[in-house]
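> Got final_33.txt for you, compact mmCIF, C-alpha atoms:
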# COMPACT_ATOMS: atom_id res chain seq x y z
CA MET A 1 -14.32 -17.18 38.02
CA SER A 2 -16.08 -19.33 40.65
CA VAL A 3 -14.40 -20.49 43.87
CA LYS A 4 -14.47 -24.02 42.47
CA ASP A 5 -12.59 -22.93 39.35
CA GLU A 6 -10.11 -20.93 41.38
CA VAL A 7 -9.43 -23.92 43.66
CA LEU A 8 -8.95 -26.19 40.63
CA LYS A 9 -6.50 -23.70 39.16
CA GLN A 10 -4.47 -23.67 42.37
CA LEU A 11 -4.49 -27.49 42.58
CA GLU A 12 -3.48 -27.85 38.93
CA ASN A 13 -0.63 -25.39 39.43
CA ASN A 14 0.56 -27.46 42.42
CA LYS A 15 -0.29 -30.91 41.05
CA GLY A 16 1.29 -33.67 43.11
CA ASN A 17 2.00 -31.30 46.01
CA TYR A 18 -0.07 -30.49 49.08
CA ILE A 19 -1.53 -27.06 49.62
CA SER A 20 -3.30 -26.26 52.88
CA GLY A 21 -6.94 -25.24 53.11
CA GLY A 22 -5.85 -22.16 55.03
CA GLN A 23 -3.43 -21.16 52.31
CA LEU A 24 -6.10 -21.68 49.64
CA ALA A 25 -8.60 -19.62 51.65
CA LYS A 26 -6.08 -16.80 52.11
CA THR A 27 -4.98 -16.82 48.47
CA LEU A 28 -8.56 -16.75 47.19
CA ASP A 29 -9.90 -14.51 49.99
CA VAL A 30 -12.74 -16.88 50.88
CA SER A 31 -13.68 -18.98 53.93
CA ARG A 32 -12.25 -22.41 54.72
CA ASN A 33 -15.80 -23.76 54.36
CA SER A 34 -15.96 -22.43 50.79
CA ILE A 35 -12.73 -24.27 50.02
CA TRP A 36 -14.12 -27.50 51.48
CA LYS A 37 -17.31 -27.20 49.40
CA ALA A 38 -15.25 -26.56 46.25
CA ILE A 39 -13.10 -29.64 46.95
CA LYS A 40 -16.18 -31.83 47.41
CA SER A 41 -17.69 -30.51 44.19
CA LEU A 42 -14.49 -31.27 42.27
CA GLU A 43 -14.44 -34.79 43.70
CA LYS A 44 -18.00 -35.30 42.45
CA ASN A 45 -16.76 -34.29 39.00
CA GLY A 46 -14.22 -37.11 39.12
CA TYR A 47 -11.10 -35.33 40.38
CA GLN A 48 -8.98 -37.45 42.72
CA ILE A 49 -7.94 -35.16 45.56
CA ASP A 50 -6.03 -36.43 48.57
CA ALA A 51 -6.84 -34.68 51.84
CA VAL A 52 -4.42 -35.11 54.75
CA PRO A 53 -4.78 -33.36 58.15
CA ASN A 54 -2.12 -30.69 58.74
CA ARG A 55 -0.96 -30.97 55.11
CA GLY A 56 -3.98 -29.96 53.08
CA TYR A 57 -5.16 -31.00 49.64
CA CYS A 58 -3.27 -32.58 46.77
CA LEU A 59 -4.49 -33.18 43.23
CA ALA A 60 -3.23 -36.67 42.36
CA GLU A 61 -0.70 -36.69 39.54
CA LYS A 62 -2.52 -39.51 37.79
CA ASN A 63 -5.64 -37.34 37.51
CA ASP A 64 -6.28 -36.93 33.80
CA ILE A 65 -9.41 -34.79 33.50
CA LEU A 66 -9.15 -32.04 30.93
CA SER A 67 -9.69 -28.46 32.06
CA ALA A 68 -8.77 -24.97 30.92
CA PHE A 69 -6.16 -24.99 33.69
CA SER A 70 -4.63 -28.39 32.91
CA ILE A 71 -4.16 -27.22 29.31
CA GLY A 72 -3.25 -23.63 30.12
CA GLN A 73 -0.15 -24.56 32.11
CA TYR A 74 1.47 -25.76 28.84
CA LEU A 75 -0.02 -23.12 26.53
CA LYS A 76 1.95 -20.15 25.17
CA ASN A 77 -0.84 -18.44 23.22
CA LYS A 78 -3.69 -16.64 24.93
CA LEU A 79 -6.88 -18.43 23.91
CA ASP A 80 -10.41 -18.55 25.32
CA ILE A 81 -10.73 -22.23 26.20
CA HIS A 82 -14.03 -23.93 27.08
CA VAL A 83 -13.93 -27.58 28.22
CA TYR A 84 -17.01 -29.81 28.45
CA PRO A 85 -17.43 -33.40 29.69
CA ILE A 86 -19.62 -34.29 26.69
CA VAL A 87 -21.09 -32.46 23.69
CA SER A 88 -22.81 -33.48 20.46
CA SER A 89 -19.92 -32.09 18.42
CA THR A 90 -17.33 -29.46 19.32
CA ASN A 91 -17.76 -27.94 15.85
CA THR A 92 -21.52 -27.65 16.38
CA VAL A 93 -21.13 -26.01 19.80
CA LEU A 94 -18.52 -23.57 18.53
CA LYS A 95 -20.60 -22.71 15.48
CA GLU A 96 -23.41 -21.57 17.79
CA MET A 97 -20.91 -19.47 19.75
CA ALA A 98 -19.53 -17.99 16.51
CA GLU A 99 -23.01 -16.97 15.37
CA GLN A 100 -23.44 -15.19 18.70
CA GLY A 101 -20.26 -13.19 18.14
CA ALA A 102 -17.56 -15.24 19.88
CA ALA A 103 -14.08 -13.88 19.21
CA GLU A 104 -11.32 -15.44 17.17
CA GLY A 105 -9.28 -17.75 19.37
CA THR A 106 -12.28 -19.25 21.12
CA VAL A 107 -11.65 -22.97 21.58
CA VAL A 108 -14.15 -25.70 22.50
CA ILE A 109 -12.80 -29.01 23.86
CA ALA A 110 -14.75 -32.07 24.95
CA GLU A 111 -13.93 -35.26 26.81
CA GLU A 112 -16.49 -37.05 24.62
CA GLN A 113 -18.70 -36.41 21.57
CA ASN A 114 -21.92 -38.30 20.91
CA ALA A 115 -22.32 -36.92 17.39
CA GLY A 116 -18.73 -36.27 16.29
CA LYS A 117 -18.51 -34.99 12.72
CA GLY A 118 -16.14 -36.23 10.03
CA ARG A 119 -15.69 -35.21 6.41
CA MET A 120 -18.11 -36.23 3.65
CA GLY A 121 -20.95 -36.49 6.18
CA LYS A 122 -19.24 -39.29 8.09
CA SER A 123 -19.24 -39.58 11.88
CA PHE A 124 -16.09 -39.45 14.01
CA TYR A 125 -15.83 -42.02 16.78
CA SER A 126 -15.28 -40.00 19.98
CA PRO A 127 -15.29 -42.13 23.16
CA SER A 128 -14.80 -40.67 26.62
CA LYS A 129 -11.33 -39.87 27.98
CA THR A 130 -9.35 -41.70 25.32
CA GLY A 131 -9.11 -38.92 22.76
CA ILE A 132 -9.02 -35.18 22.33
CA TYR A 133 -11.78 -33.36 20.46
CA VAL A 134 -10.91 -29.74 19.77
CA SER A 135 -12.50 -26.97 17.69
CA ILE A 136 -10.88 -23.58 17.05
CA LEU A 137 -12.76 -20.45 15.94
CA LEU A 138 -11.04 -18.20 13.40
CA ARG A 139 -12.11 -15.03 11.62
CA PRO A 140 -9.53 -14.83 8.80
CA THR A 141 -9.59 -12.26 6.02
CA ILE A 142 -9.01 -14.75 3.24
CA PRO A 143 -10.98 -15.81 0.17
CA ALA A 144 -13.09 -18.92 0.59
CA GLU A 145 -10.88 -21.00 -1.70
CA GLU A 146 -7.94 -20.57 0.69
CA SER A 147 -9.74 -22.30 3.56
CA LEU A 148 -7.90 -25.47 2.51
CA PHE A 149 -4.78 -24.00 4.12
CA LEU A 150 -6.51 -23.96 7.51
CA THR A 151 -6.94 -27.72 7.22
CA THR A 152 -3.42 -28.41 6.01
CA SER A 153 -1.85 -26.17 8.66
CA ALA A 154 -3.86 -28.03 11.31
CA ALA A 155 -2.53 -31.35 10.01
CA VAL A 156 1.05 -30.11 10.35
CA ALA A 157 0.38 -28.76 13.85
CA THR A 158 -1.17 -32.03 14.97
CA ALA A 159 1.68 -34.13 13.57
CA ARG A 160 4.24 -31.97 15.40
CA ALA A 161 2.31 -32.14 18.67
CA ILE A 162 2.00 -35.94 18.49
CA GLU A 163 5.75 -36.26 18.03
CA ASP A 164 6.35 -33.88 20.96
CA VAL A 165 4.50 -36.05 23.47
CA SER A 166 5.28 -39.53 22.13
CA ASP A 167 7.94 -41.59 20.42
CA LYS A 168 5.76 -42.02 17.32
CA THR A 169 6.31 -40.57 13.84
CA ALA A 170 3.29 -38.83 12.35
CA ASP A 171 2.54 -38.69 8.61
CA ILE A 172 -0.17 -36.89 6.67
CA LYS A 173 -2.60 -38.43 4.19
CA TRP A 174 -3.89 -35.81 1.81
CA VAL A 175 -5.88 -33.81 2.52
CA ASN A 176 -6.76 -33.88 6.20
CA ASP A 177 -5.79 -37.06 8.05
CA VAL A 178 -2.80 -37.76 10.30
CA TYR A 179 -1.46 -41.31 10.38
CA ILE A 180 0.87 -43.38 12.55
CA ASP A 181 2.26 -46.64 11.16
CA ASN A 182 -0.13 -46.47 8.18
CA LYS A 183 -3.22 -46.18 10.38
CA LYS A 184 -5.39 -43.13 11.02
CA VAL A 185 -4.88 -41.40 14.35
CA CYS A 186 -6.46 -38.00 13.59
CA GLY A 187 -9.18 -36.48 11.44
CA ILE A 188 -9.66 -32.78 10.71
CA LEU A 189 -12.87 -31.05 9.62
CA THR A 190 -12.89 -27.38 8.64
CA GLU A 191 -16.28 -25.67 8.34
CA GLY A 192 -17.02 -22.05 7.55
CA ALA A 193 -19.58 -19.35 6.92
CA PHE A 194 -19.06 -17.35 3.74
CA ASN A 195 -19.95 -13.77 2.87
CA ALA A 196 -21.55 -13.88 -0.57
CA GLU A 197 -20.78 -10.20 -1.25
CA THR A 198 -17.06 -10.30 -0.44
CA GLY A 199 -16.37 -13.94 -1.28
CA GLN A 200 -14.46 -14.19 2.00
CA LEU A 201 -14.97 -16.22 5.14
CA ASP A 202 -17.06 -14.67 7.89
CA TYR A 203 -15.58 -17.26 10.18
CA ALA A 204 -14.03 -20.71 10.06
CA ILE A 205 -14.04 -23.54 12.56
CA VAL A 206 -11.22 -26.08 12.49
CA GLY A 207 -12.19 -29.30 14.26
CA ILE A 208 -9.49 -31.80 15.22
CA GLY A 209 -10.05 -35.25 16.70
CA VAL A 210 -7.11 -37.37 17.87
CA ASN A 211 -7.16 -40.93 19.22
CA VAL A 212 -4.82 -40.58 22.19
CA CYS A 213 -5.12 -44.14 23.50
CA PHE A 214 -7.11 -47.25 22.64
CA PRO A 215 -10.65 -47.35 24.08
CA GLU A 216 -11.57 -50.22 26.38
CA GLY A 217 -12.46 -53.17 24.17
CA GLY A 218 -10.73 -51.60 21.17
CA PHE A 219 -12.12 -49.62 18.26
CA PRO A 220 -15.46 -50.56 16.66
CA GLU A 221 -15.24 -53.34 14.07
CA GLU A 222 -15.84 -50.98 11.13
CA ILE A 223 -12.67 -48.97 11.87
CA GLN A 224 -10.61 -51.54 13.77
CA LYS A 225 -8.29 -52.25 10.83
CA ILE A 226 -7.68 -48.61 9.89
CA ALA A 227 -7.56 -46.76 13.23
CA THR A 228 -4.79 -46.47 15.80
CA ALA A 229 -3.84 -44.30 18.79
CA VAL A 230 -0.89 -42.18 19.85
CA PHE A 231 -0.26 -44.34 22.92
CA ASP A 232 -0.51 -48.11 23.13
CA LYS A 233 -1.68 -48.12 26.76
CA GLN A 234 -4.00 -45.72 28.58
CA THR A 235 -1.53 -45.47 31.46
CA ASP A 236 1.05 -44.09 29.02
CA SER A 237 -1.29 -41.22 28.12
CA THR A 238 -1.85 -39.97 31.69
CA ASN A 239 -1.34 -36.20 31.81
CA LYS A 240 -0.37 -36.23 28.12
CA ARG A 241 -3.73 -35.14 26.68
CA SER A 242 -3.52 -31.63 28.13
CA MET A 243 0.05 -31.27 26.87
CA LEU A 244 -0.93 -32.59 23.44
CA ILE A 245 -3.78 -30.09 23.15
CA ALA A 246 -1.57 -27.19 24.24
CA HIS A 247 1.21 -28.04 21.80
CA LEU A 248 -1.32 -28.57 19.01
CA LEU A 249 -2.97 -25.19 19.66
CA ASP A 250 0.36 -23.36 19.87
CA TYR A 251 1.65 -24.90 16.63
CA PHE A 252 -1.63 -24.19 14.89
CA MET A 253 -1.69 -20.54 15.96
CA GLU A 254 1.93 -20.16 14.80
CA ASN A 255 0.93 -21.54 11.39
CA TYR A 256 -2.16 -19.33 11.33
CA LYS A 257 -0.01 -16.24 11.82
CA GLU A 258 2.00 -17.40 8.79
CA LEU A 259 -1.09 -18.02 6.66
CA ALA A 260 -0.10 -15.39 4.10
CA SER A 261 3.40 -16.80 3.56
CA LYS A 262 2.27 -20.42 3.99
CA THR A 263 5.62 -21.49 5.38
CA PHE A 264 4.04 -24.68 6.74
CA VAL A 265 3.24 -26.03 3.26
CA LYS A 266 6.78 -27.35 2.78
CA GLU A 267 6.45 -29.50 5.89
CA TYR A 268 2.96 -30.59 4.84
CA ILE A 269 4.40 -31.94 1.58
CA GLU A 270 7.40 -33.55 3.31
CA ARG A 271 5.09 -35.41 5.70
CA SER A 272 2.93 -36.81 2.89
CA MET A 273 2.52 -40.59 3.01
CA ILE A 274 0.91 -41.04 -0.41
CA LEU A 275 3.31 -39.48 -2.92
CA GLY A 276 4.46 -42.03 -5.49
CA LYS A 277 1.93 -44.58 -4.24
CA LYS A 278 -1.05 -46.20 -5.92
CA ILE A 279 -4.28 -44.73 -4.55
CA LEU A 280 -8.02 -44.78 -5.06
CA LEU A 281 -9.96 -41.57 -5.64
CA ILE A 282 -13.27 -41.85 -3.83
CA GLU A 283 -16.03 -40.01 -5.66
CA GLY A 284 -19.44 -40.87 -4.27
CA ASN A 285 -19.87 -44.61 -4.64
CA ASP A 286 -17.12 -44.81 -7.25
CA THR A 287 -13.44 -45.54 -6.70
CA ILE A 288 -10.98 -44.54 -9.40
CA PRO A 289 -7.48 -46.11 -9.47
CA ALA A 290 -4.67 -43.56 -9.74
CA THR A 291 -1.14 -42.75 -8.64
CA ALA A 292 -0.32 -39.80 -6.36
CA MET A 293 2.27 -37.76 -8.22
CA GLU A 294 2.77 -34.38 -6.55
CA ILE A 295 1.44 -31.88 -4.03
CA ASP A 296 1.94 -28.26 -5.09
CA LYS A 297 2.26 -25.05 -3.08
CA LYS A 298 -1.53 -24.69 -3.14
CA CYS A 299 -1.78 -28.10 -1.43
CA ARG A 300 -3.46 -29.52 -4.52
CA LEU A 301 -2.82 -33.17 -5.30
CA LYS A 302 -1.73 -34.19 -8.80
CA VAL A 303 -2.80 -37.71 -9.75
CA LYS A 304 -2.19 -39.85 -12.78
CA LEU A 305 -5.05 -42.07 -13.87
CA GLU A 306 -4.63 -45.49 -15.43
CA ASP A 307 -5.10 -44.01 -18.92
CA ASP A 308 -2.05 -41.78 -18.22
CA THR A 309 -4.13 -38.59 -18.00
CA THR A 310 -3.49 -36.32 -15.01
CA ARG A 311 -5.75 -34.33 -12.74
CA TRP A 312 -5.21 -31.71 -10.05
CA LEU A 313 -7.42 -32.11 -6.96
CA SER A 314 -8.05 -29.35 -4.42
CA SER A 315 -10.52 -31.41 -2.37
CA GLY A 316 -11.79 -34.94 -2.12
CA GLU A 317 -11.01 -38.26 -0.51
CA VAL A 318 -8.32 -40.79 -1.34
CA SER A 319 -7.17 -44.11 0.07
CA ILE A 320 -3.98 -46.06 -0.44
CA ARG A 321 -4.35 -49.20 -2.55
CA ILE A 322 -3.20 -52.35 -0.81
CA ASN A 323 -2.38 -54.06 -4.12
What is this structure when it is put down as structure tokens?


Amino acid sequence: MSVKDEVLKQLENNKGNYISGGQLAKTLDVSRNSIWKAIKSLEKNGYQIDAVPNRGYCLAEKNDILSAFSIGQYLKNKLDIHVYPIVSSTNTVLKEMAEQGAAEGTVVIAEEQNAGKGRMGKSFYSPSKTGIYVSILLRPTIPAEESLFLTTSAAVATARAIEDVSDKTADIKWVNDVYIDNKKVCGILTEGAFNAETGQLDYAIVGIGVNVCFPEGGFPEEIQKIATAVFDKQTDSTNKRSMLIAHLLDYFMENYKELASKTFVKEYIERSMILGKKILLIEGNDTIPATAMEIDKKCRLKVKLEDDTTRWLSSGEVSIRIN
């Protein structure tokens, strides 16, 4: 770990309190000049650090830059966390790491994505510093058809984490979206590499994007009516993104450990916002009116069509009918 990273860790652990340059130098066994250079480098990266003679350095409490240390202070599970200011897509970056042999539990997080990926080939709007964009690498010994449970367990974990850090209630729209007040706040995309001989996953990547607060100027026109954020004001989200990520990761890893028993499925069903409602099945350019009837223990959705026939869906896209 570089001196810069070590200094950031110490500042994060003492956020809001002063720590002297001499104490930092002694703790890290480096020169005072090395500490000064590390502080200046952190300031160039956007960290607000107060420096007061005879008191030392203090990382301002309103600082809200994501780092492995800002997240790690709330995290129970041991994970290999990599944080970037901007990437094309956290799923894409982590896929490259997976192909190079990265271990299960490797996590890629970005402040911004310029090519965020959604389901069905859609893009995911990922502006800087107003959301969290997280991808988790897993190497489960499960058949390919059970990868759906990775998505559903992530939805439950995200809903719990949102409720931990805010006063909002989070619901789930089958199969992979988390909603607040009937608007989308989170999308989840699970991608995997399959072994043709065994029929099992070589690895899976679970990507989670959450709108933490509203971007300046609001959401783009095409999603303005359907998107929302966890917090109404950006000032309300200060220091909450790191906590949200940590809680999300811990809940997800707890669910992952229970993948065989699938204990999270009950909560997934209870959080459903579509059961009993009129919906539209989206199949290509076609929309098919239906009613959402039931979600079973396999997280399949039972729908009744207008001709009273029923279908079980294990994947796909649905929307709630307004009328």

> Find the distance between CA of Lys240 (chain A) and CA of Ile132 (chain A) and write it in Å to one decimal.

10.5 Å

> Show me the residues around (-3.7, -33.6, 2.9) - criterion: an atom at most 9 Å away, all atoms listed in the file counted - as number ranges by chain.

A: 151-152, 155, 172-178, 268-269, 272, 295, 299-301, 315

> If I take CA of Tyr133 (chain A) and CA of Lys168 (chain A), how far is one from the other in Å, to one decimal?

19.8 Å

> Which is closest to Leu150 (chain A) among A:Asp286, A:Asp50, A:Asp171, A:Glu191, if we use all atoms listed in the file?

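Smallest separation from Leu150 (chain A) among the options: A:Glu191.
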
> Nearest to Pro220 (chain A) among A:Ile71, A:Glu283, A:Val52, A:Phe124, with distances taken over all atoms listed in the file: which residue is it?

A:Phe124

> So, counting all atoms listed in the file, which residue among A:Val108, A:Leu313, A:Leu280, A:Leu248 is closest to Asp296 (chain A)?

A:Leu313

> Tell me, in Å to one decimal, how far CA of Ile205 (chain A) is from CA of Lys117 (chain A).

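Computed distance, CA of Ile205 (chain A) to CA of Lys117 (chain A), equals 12.3 Å.
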